[in-house]
Amino acid sequence: METQNASVRVRPLRFGFVVDPKDKASLLQVLQLNSCLWGGMYNYIIPRFVKTPARYREDFIRSPSGTSLINGLIDAFQPDFLVETAVGITKGLQFETRRIVPLQSLMPSVAEQRPYGVDVRSICEALYQETFRFVQRHPPNVVLPRAPSPRYELLLAATFGEIPDSGGLAECRNNIVNALGAKDEMVQPHSFIKYFSHQNLYPLRIGRHVLETQSREWNLDETLFYMDERSPYDIIEYWNLRALGWRIRPLPQSWSSQLRPDCEEFIKEAHRAPVPPSNRTQDAAFLCSRSCSFQEMQSYISSLKRPSDAIVTVSDRFPRLWEE
């Protein structure tokens, strides 16, 4: 009798959070919740609107209606569940009703178990048993980044994650502090880039524990997203591009002058010679959000120092994700 082997792969549940882009409080709540979920940074945020915003219209291409654009995003992202951030916000969308859940169903009180997904409490327990209960020569720096002002809260929550110190999610924060020794750190422009170092652990990176990902995107270059940190649309677009596998980092417009040396170093480090059998070099790329001036970004990039053989690509065309 033949013996047959089978392999089983486990992945986190994939959620699509439907949010009104004008509701910054709901958007922040979604970012905080995903900071507590295993694989939270790979969930998607789907903006809900009636009329297609001007930022998604093309001059010479027929623009989709608001509903068809959102349904296209759902089809491209293929979530297991849609999460309503407001009652009835998913009405009219093409998705199974039985797989639509309210936001509150993912946010239990401390004493309850979350009915959907795995949270960082389980991850912290695993990390402590595997690593943190031992003395390490070079331990990781576990941080809970804080915004220097409310203006940057959405940006830093989308980039590194944010867990509130009160409410139903506070227990997740306590676990990170007690099990991993996390400390609050205020993020300033001069220190922003250092948190991307592999030596640093923060909520969204903790939520990636033991996850292996394979990019579905066509762009091989590392990308800086020139964006307005005050724009909810820019926050959502950055989040979704990263969730789809883009190697992308935010470049806040208001911090661009202070981040000039870091951008020059980024261009230098992103440049890599071809690896056979490919004959394509890898270089730095800049993507301009629709909230910022493309000419302003071009002028900024032109002023940066870079190696003579390094090529920098620039784009103001936001990828049409709703067309998969």
# chains A, B, ... in the order shown; residues from 1 in each chain; ligands from 1
call {"tool": "select_by_dssp", "arguments": {"residues": "segment 209-275 of chain A", "states": "helix (DSSP H, G or I)", "output": "list in words"}}
result
Pro232, Tyr233, Asp234, Ile235, Ile236, Glu237, Tyr238, Trp239, Asn240, Leu241, Arg242, Ala243, Gln253, Ser254, Trp255, Arg260, Pro261, Asp262, Cys263, Glu264, Glu265, Phe266, Ile267, Lys268, Glu269 and Ala270 of chain A
call {"tool": "write_last_selection", "arguments": {"atoms": "C-alpha atoms", "output": "compact mmCIF listing (two decimals), in the first residue's frame"}}
result
# COMPACT_ATOMS: atom_id res chain seq x y z
CA PRO A 232 -6.43 59.52 4.57
CA TYR A 233 -6.36 58.45 0.91
CA ASP A 234 -2.55 58.56 0.90
CA ILE A 235 -2.44 56.53 4.12
CA ILE A 236 -4.81 53.92 2.66
CA GLU A 237 -2.90 53.70 -0.63
CA TYR A 238 0.44 53.25 1.10
CA TRP A 239 -1.01 50.55 3.33
CA ASN A 240 -2.58 48.62 0.42
CA LEU A 241 0.50 48.75 -1.81
CA ARG A 242 2.63 47.32 1.00
CA ALA A 243 -0.02 44.68 1.74
CA GLN A 253 6.18 65.59 2.20
CA SER A 254 6.58 67.76 5.30
CA TRP A 255 9.69 65.80 6.40
CA ARG A 260 17.31 64.33 2.35
CA PRO A 261 20.44 62.45 3.57
CA ASP A 262 18.33 59.32 4.17
CA CYS A 263 16.85 59.51 0.66
CA GLU A 264 20.33 59.82 -0.84
CA GLU A 265 21.44 56.76 1.11
CA PHE A 266 18.28 54.94 0.02
CA ILE A 267 19.11 55.55 -3.65
CA LYS A 268 22.65 54.34 -3.12
CA GLU A 269 21.62 51.15 -1.30
CA ALA A 270 18.75 50.35 -3.68
call {"tool": "residues_around", "arguments": {"residues": "Ser122 of chain A", "least_positions_apart": "6", "cutoff": "12 Å", "atoms": "only C-alpha atoms", "output": "ChimeraX atom specification"}}
result
/A:36-38,113-114,128-129,171-172,175-176,179,206-207,209
call {"tool": "write_last_selection", "arguments": {"atoms": "C-alpha atoms", "output": "PDB file, in the first residue's frame"}}
result
ATOM      1  CA  CYS A  36      -2.828  43.660  17.117  1.00  0.00           C
ATOM      2  CA  LEU A  37      -3.620  40.951  14.547  1.00  0.00           C
ATOM      3  CA  TRP A  38      -1.347  38.202  13.292  1.00  0.00           C
ATOM      4  CA  GLN A 113     -11.436  35.555  23.194  1.00  0.00           C
ATOM      5  CA  ARG A 114     -11.382  37.117  19.761  1.00  0.00           C
ATOM      6  CA  TYR A 128       9.001  34.828  24.708  1.00  0.00           C
ATOM      7  CA  GLN A 129       9.278  31.033  24.795  1.00  0.00           C
ATOM      8  CA  GLU A 171      -4.131  43.941  26.777  1.00  0.00           C
ATOM      9  CA  CYS A 172      -2.184  43.412  23.537  1.00  0.00           C
ATOM     10  CA  ASN A 175       1.721  41.726  26.473  1.00  0.00           C
ATOM     11  CA  ILE A 176       4.252  43.399  24.189  1.00  0.00           C
ATOM     12  CA  ALA A 179       6.840  39.725  27.412  1.00  0.00           C
ATOM     13  CA  ILE A 206       5.748  41.528  15.442  1.00  0.00           C
ATOM     14  CA  GLY A 207       2.504  40.588  13.681  1.00  0.00           C
ATOM     15  CA  HIS A 209       6.116  36.463  13.061  1.00  0.00           C
TER      16      HIS A 209
END
call {"tool": "residues_around", "arguments": {"residues": "Phe77 of chain A", "least_positions_apart": "6", "cutoff": "12 Å", "atoms": "only C-alpha atoms", "output": "PyMOL selection string"}}
result
chain A and resi 14-17+42-46+70-71+216+240-241+243-245+321-324
call {"tool": "write_last_selection", "arguments": {"atoms": "N, CA and C atoms", "output": "compact mmCIF listing (two decimals), in the first residue's frame"}}
result
# COMPACT_ATOMS: atom_id res chain seq x y z
N ARG A 14 -7.69 36.76 6.11
CA ARG A 14 -7.44 37.99 5.37
C ARG A 14 -8.72 38.84 5.41
N PHE A 15 -8.60 40.01 6.02
CA PHE A 15 -9.75 40.90 6.18
C PHE A 15 -9.64 42.09 5.23
N GLY A 16 -10.79 42.55 4.77
CA GLY A 16 -10.88 43.80 4.03
C GLY A 16 -11.74 44.77 4.82
N PHE A 17 -11.15 45.85 5.30
CA PHE A 17 -11.85 46.81 6.14
C PHE A 17 -12.43 47.91 5.27
N TYR A 42 -1.06 42.68 6.31
CA TYR A 42 -1.42 42.15 5.00
C TYR A 42 -2.92 42.18 4.76
N ASN A 43 -3.68 42.76 5.69
CA ASN A 43 -5.09 43.01 5.43
C ASN A 43 -5.21 44.26 4.56
N TYR A 44 -6.40 44.52 4.07
CA TYR A 44 -6.59 45.62 3.13
C TYR A 44 -7.59 46.63 3.68
N ILE A 45 -7.43 47.85 3.25
CA ILE A 45 -8.35 48.91 3.64
C ILE A 45 -9.03 49.39 2.36
N ILE A 46 -10.34 49.25 2.33
CA ILE A 46 -11.11 49.56 1.13
C ILE A 46 -11.88 50.85 1.36
N ILE A 70 -14.84 49.97 -6.22
CA ILE A 70 -14.72 49.29 -4.93
C ILE A 70 -14.85 47.78 -5.11
N ASN A 71 -15.80 47.34 -5.95
CA ASN A 71 -15.93 45.91 -6.21
C ASN A 71 -14.68 45.36 -6.89
N ARG A 216 3.16 39.58 -5.22
CA ARG A 216 2.39 39.44 -6.45
C ARG A 216 2.57 40.65 -7.36
N ASN A 240 -2.17 49.68 1.36
CA ASN A 240 -2.58 48.62 0.42
C ASN A 240 -1.45 48.19 -0.50
N LEU A 241 -0.63 49.12 -0.96
CA LEU A 241 0.50 48.75 -1.81
C LEU A 241 1.47 47.84 -1.06
N ALA A 243 0.67 45.95 1.50
CA ALA A 243 -0.02 44.68 1.74
C ALA A 243 0.02 43.78 0.51
N LEU A 244 0.07 44.37 -0.68
CA LEU A 244 0.13 43.60 -1.92
C LEU A 244 1.53 43.10 -2.24
N GLY A 245 2.52 43.55 -1.47
CA GLY A 245 3.87 43.04 -1.68
C GLY A 245 4.87 44.06 -2.18
N LEU A 321 -5.29 49.44 -8.97
CA LEU A 321 -5.42 48.18 -8.24
C LEU A 321 -6.77 47.53 -8.45
N TRP A 322 -7.81 48.33 -8.73
CA TRP A 322 -9.13 47.78 -8.92
C TRP A 322 -9.24 46.98 -10.22
N GLU A 323 -8.20 47.03 -11.06
CA GLU A 323 -8.17 46.21 -12.27
C GLU A 323 -7.28 44.99 -12.08
N GLU A 324 -6.88 44.73 -10.81
CA GLU A 324 -6.04 43.58 -10.42
C GLU A 324 -4.75 43.57 -11.23
call {"tool": "closest_residue", "arguments": {"among": "A:Tyr226, A:Gln282, A:Arg133, A:Arg272", "to": "Ile301 of chain A", "atoms": "only C-alpha atoms"}}
result
A:Tyr226
call {"tool": "select_by_dssp", "arguments": {"residues": "segment 1-102 of chain A", "states": "strand (DSSP E or B)", "output": "PDB file with N, CA and C atoms, in the first residue's frame"}}
result
ATOM      1  N   PHE A  15      -8.604  40.012   6.024  1.00  0.00           N
ATOM      2  CA  PHE A  15      -9.749  40.898   6.177  1.00  0.00           C
ATOM      3  C   PHE A  15      -9.644  42.090   5.227  1.00  0.00           C
ATOM      4  N   GLY A  16     -10.794  42.549   4.768  1.00  0.00           N
ATOM      5  CA  GLY A  16     -10.884  43.800   4.026  1.00  0.00           C
ATOM      6  C   GLY A  16     -11.741  44.767   4.821  1.00  0.00           C
ATOM      7  N   PHE A  17     -11.149  45.847   5.298  1.00  0.00           N
ATOM      8  CA  PHE A  17     -11.850  46.812   6.137  1.00  0.00           C
ATOM      9  C   PHE A  17     -12.435  47.913   5.266  1.00  0.00           C
ATOM     10  N   VAL A  18     -13.740  48.035   5.262  1.00  0.00           N
ATOM     11  CA  VAL A  18     -14.418  49.052   4.456  1.00  0.00           C
ATOM     12  C   VAL A  18     -14.574  50.311   5.302  1.00  0.00           C
ATOM     13  N   VAL A  19     -13.952  51.398   4.841  1.00  0.00           N
ATOM     14  CA  VAL A  19     -13.845  52.617   5.652  1.00  0.00           C
ATOM     15  C   VAL A  19     -14.254  53.839   4.829  1.00  0.00           C
ATOM     16  N   LEU A  37      -3.274  42.214  15.188  1.00  0.00           N
ATOM     17  CA  LEU A  37      -3.620  40.951  14.547  1.00  0.00           C
ATOM     18  C   LEU A  37      -2.402  40.273  13.936  1.00  0.00           C
ATOM     19  N   TYR A  44      -6.398  44.518   4.067  1.00  0.00           N
ATOM     20  CA  TYR A  44      -6.587  45.623   3.129  1.00  0.00           C
ATOM     21  C   TYR A  44      -7.587  46.627   3.679  1.00  0.00           C
ATOM     22  N   ILE A  45      -7.429  47.851   3.251  1.00  0.00           N
ATOM     23  CA  ILE A  45      -8.346  48.912   3.638  1.00  0.00           C
ATOM     24  C   ILE A  45      -9.028  49.388   2.363  1.00  0.00           C
ATOM     25  N   ILE A  46     -10.335  49.250   2.332  1.00  0.00           N
ATOM     26  CA  ILE A  46     -11.108  49.562   1.131  1.00  0.00           C
ATOM     27  C   ILE A  46     -11.878  50.853   1.363  1.00  0.00           C
ATOM     28  N   PRO A  47     -11.535  51.936   0.656  1.00  0.00           N
ATOM     29  CA  PRO A  47     -12.257  53.198   0.838  1.00  0.00           C
ATOM     30  C   PRO A  47     -13.663  53.111   0.255  1.00  0.00           C
ATOM     31  N   PHE A  81     -13.046  37.910   4.717  1.00  0.00           N
ATOM     32  CA  PHE A  81     -14.166  38.617   5.333  1.00  0.00           C
ATOM     33  C   PHE A  81     -14.066  40.101   5.002  1.00  0.00           C
ATOM     34  N   LEU A  82     -15.231  40.728   4.845  1.00  0.00           N
ATOM     35  CA  LEU A  82     -15.290  42.188   4.815  1.00  0.00           C
ATOM     36  C   LEU A  82     -15.694  42.658   6.203  1.00  0.00           C
ATOM     37  N   VAL A  83     -15.063  43.724   6.662  1.00  0.00           N
ATOM     38  CA  VAL A  83     -15.345  44.250   7.994  1.00  0.00           C
ATOM     39  C   VAL A  83     -15.989  45.620   7.853  1.00  0.00           C
ATOM     40  N   GLU A  84     -17.169  45.772   8.424  1.00  0.00           N
ATOM     41  CA  GLU A  84     -17.886  47.047   8.384  1.00  0.00           C
ATOM     42  C   GLU A  84     -17.414  47.944   9.519  1.00  0.00           C
ATOM     43  N   ILE A 100     -19.615  39.072   5.904  1.00  0.00           N
ATOM     44  CA  ILE A 100     -19.484  40.479   6.304  1.00  0.00           C
ATOM     45  C   ILE A 100     -19.690  40.562   7.810  1.00  0.00           C
ATOM     46  N   VAL A 101     -18.702  41.117   8.520  1.00  0.00           N
ATOM     47  CA  VAL A 101     -18.765  41.156   9.983  1.00  0.00           C
ATOM     48  C   VAL A 101     -18.564  42.594  10.459  1.00  0.00           C
ATOM     49  N   PRO A 102     -19.145  42.952  11.603  1.00  0.00           N
ATOM     50  CA  PRO A 102     -18.938  44.305  12.148  1.00  0.00           C
ATOM     51  C   PRO A 102     -17.558  44.424  12.782  1.00  0.00           C
TER      52      PRO A 102
END
call {"tool": "closest_residue", "arguments": {"among": "A:Ser315, A:Thr131, A:Ser149, A:Thr85", "to": "Asp23 of chain A", "atoms": "only C-alpha atoms"}}
result
A:Thr85
call {"tool": "residues_around", "arguments": {"residues": "Met297 of chain A", "least_positions_apart": "4", "cutoff": "12 Å", "atoms": "only C-alpha atoms", "output": "CSV table (one decimal) with N, CA and C atoms, in the first residue's frame"}}
result
chain,number,residue,atom,x,y,z
A,224,LEU,N,9.9,54.7,-2.7
A,224,LEU,CA,9.6,55.7,-1.7
A,224,LEU,C,8.3,56.4,-2.2
A,225,PHE,N,7.3,56.4,-1.3
A,225,PHE,CA,6.0,57.0,-1.6
A,225,PHE,C,5.9,58.4,-1.1
A,226,TYR,N,6.1,59.4,-2.0
A,226,TYR,CA,6.0,60.8,-1.7
A,226,TYR,C,4.6,61.2,-1.4
A,227,MET,N,4.2,61.5,-0.2
A,227,MET,CA,2.8,61.5,0.2
A,227,MET,C,2.6,62.7,1.2
A,228,ASP,N,1.3,63.0,1.3
A,228,ASP,CA,0.8,64.0,2.3
A,228,ASP,C,0.3,63.2,3.5
A,251,LEU,N,7.4,58.5,2.3
A,251,LEU,CA,8.3,59.7,2.4
A,251,LEU,C,7.3,60.9,2.6
A,252,PRO,N,7.1,61.3,3.9
A,252,PRO,CA,6.2,62.4,4.2
A,252,PRO,C,6.7,63.7,3.6
A,253,GLN,N,5.8,64.4,2.9
A,253,GLN,CA,6.2,65.6,2.2
A,253,GLN,C,6.7,66.6,3.2
A,254,SER,N,6.2,66.7,4.4
A,254,SER,CA,6.6,67.8,5.3
A,254,SER,C,7.9,67.4,5.9
A,256,SER,N,10.4,65.9,4.1
A,256,SER,CA,11.3,65.6,3.0
A,256,SER,C,12.7,66.3,3.1
A,257,SER,N,12.7,67.6,3.5
A,257,SER,CA,13.9,68.3,3.6
A,257,SER,C,14.8,67.7,4.7
A,285,ALA,N,13.0,53.8,-6.7
A,285,ALA,CA,11.8,54.4,-7.4
A,285,ALA,C,11.1,55.3,-6.5
A,286,PHE,N,10.5,56.3,-7.1
A,286,PHE,CA,9.7,57.3,-6.3
A,286,PHE,C,8.3,57.3,-6.9
A,287,LEU,N,7.3,57.1,-6.1
A,287,LEU,CA,5.9,57.2,-6.5
A,287,LEU,C,5.2,58.4,-5.9
A,288,CYS,N,4.6,59.2,-6.7
A,288,CYS,CA,4.0,60.5,-6.1
A,288,CYS,C,2.5,60.2,-5.9
A,289,SER,N,2.0,60.6,-4.7
A,289,SER,CA,0.6,60.4,-4.5
A,289,SER,C,-0.1,61.5,-5.2
A,290,ARG,N,-1.4,61.3,-5.4
A,290,ARG,CA,-2.3,62.3,-6.1
A,290,ARG,C,-2.6,63.5,-5.2
A,291,SER,N,-2.1,63.5,-3.9
A,291,SER,CA,-2.3,64.6,-3.1
A,291,SER,C,-1.2,65.6,-3.1
A,292,CYS,N,-0.1,65.2,-3.8
A,292,CYS,CA,1.1,66.0,-3.9
A,292,CYS,C,1.4,66.4,-5.3
A,293,SER,N,2.3,67.4,-5.4
A,293,SER,CA,2.7,67.9,-6.7
A,293,SER,C,3.8,67.1,-7.3
A,301,ILE,N,13.8,65.3,-6.1
A,301,ILE,CA,14.6,64.2,-6.5
A,301,ILE,C,15.9,64.7,-7.3
A,302,SER,N,15.7,65.7,-8.1
A,302,SER,CA,16.8,66.2,-8.9
A,302,SER,C,17.9,66.8,-8.0
A,303,SER,N,17.5,67.2,-6.9
A,303,SER,CA,18.4,67.9,-6.0
A,303,SER,C,19.2,66.9,-5.1
A,304,LEU,N,18.8,65.6,-5.2
A,304,LEU,CA,19.5,64.6,-4.4
A,304,LEU,C,20.8,64.1,-5.0
A,313,THR,N,13.7,55.9,-11.0
A,313,THR,CA,12.5,56.1,-11.7
A,313,THR,C,11.4,56.8,-10.9
A,314,VAL,N,10.6,57.6,-11.6
A,314,VAL,CA,9.6,58.4,-10.9
A,314,VAL,C,8.3,58.2,-11.6
A,315,SER,N,7.2,58.3,-10.9
A,315,SER,CA,5.9,58.1,-11.4
A,315,SER,C,4.8,58.8,-10.7
A,316,ASP,N,3.9,59.4,-11.4
A,316,ASP,CA,2.7,60.0,-10.8
A,316,ASP,C,1.5,59.3,-11.1
call {"tool": "atom_distance", "arguments": {"atom1": "atom CA of Met186 of chain A", "atom2": "atom CA of Gln32 of chain A"}}
result
17.2 Å
call {"tool": "residues_around", "arguments": {"residues": "segment 187-192 of chain A", "least_positions_apart": "5", "cutoff": "9 Å", "atoms": "only C-alpha atoms", "output": "VMD selection string"}}
result
chain A and resid 145 to 148 156 255 to 256 258 to 259 262
call {"tool": "write_last_selection", "arguments": {"atoms": "N, CA and C atoms", "output": "PDB file, in the first residue's frame"}}
result
ATOM      1  N   PRO A 145       6.328  52.962  18.656  1.00  0.00           N
ATOM      2  CA  PRO A 145       6.533  54.326  18.164  1.00  0.00           C
ATOM      3  C   PRO A 145       5.367  55.249  18.493  1.00  0.00           C
ATOM      4  N   ARG A 146       5.703  56.473  18.861  1.00  0.00           N
ATOM      5  CA  ARG A 146       4.711  57.494  19.186  1.00  0.00           C
ATOM      6  C   ARG A 146       4.880  58.674  18.230  1.00  0.00           C
ATOM      7  N   ALA A 147       3.762  59.290  17.872  1.00  0.00           N
ATOM      8  CA  ALA A 147       3.794  60.437  16.971  1.00  0.00           C
ATOM      9  C   ALA A 147       4.155  61.704  17.741  1.00  0.00           C
ATOM     10  N   PRO A 148       4.981  62.584  17.155  1.00  0.00           N
ATOM     11  CA  PRO A 148       5.338  63.837  17.832  1.00  0.00           C
ATOM     12  C   PRO A 148       4.180  64.816  17.920  1.00  0.00           C
ATOM     13  N   LEU A 156       2.263  57.202  11.305  1.00  0.00           N
ATOM     14  CA  LEU A 156       3.068  56.267  12.095  1.00  0.00           C
ATOM     15  C   LEU A 156       2.283  55.007  12.447  1.00  0.00           C
ATOM     16  N   TRP A 255       8.399  66.186   5.839  1.00  0.00           N
ATOM     17  CA  TRP A 255       9.685  65.798   6.395  1.00  0.00           C
ATOM     18  C   TRP A 255      10.758  65.633   5.318  1.00  0.00           C
ATOM     19  N   SER A 256      10.418  65.905   4.081  1.00  0.00           N
ATOM     20  CA  SER A 256      11.327  65.591   2.969  1.00  0.00           C
ATOM     21  C   SER A 256      12.671  66.309   3.085  1.00  0.00           C
ATOM     22  N   GLN A 258      14.243  67.266   5.855  1.00  0.00           N
ATOM     23  CA  GLN A 258      15.046  66.637   6.919  1.00  0.00           C
ATOM     24  C   GLN A 258      15.508  65.237   6.516  1.00  0.00           C
ATOM     25  N   LEU A 259      14.756  64.577   5.644  1.00  0.00           N
ATOM     26  CA  LEU A 259      15.079  63.212   5.234  1.00  0.00           C
ATOM     27  C   LEU A 259      15.971  63.153   3.991  1.00  0.00           C
ATOM     28  N   ASP A 262      18.842  60.684   4.165  1.00  0.00           N
ATOM     29  CA  ASP A 262      18.331  59.315   4.167  1.00  0.00           C
ATOM     30  C   ASP A 262      17.872  58.897   2.776  1.00  0.00           C
TER      31      ASP A 262
END
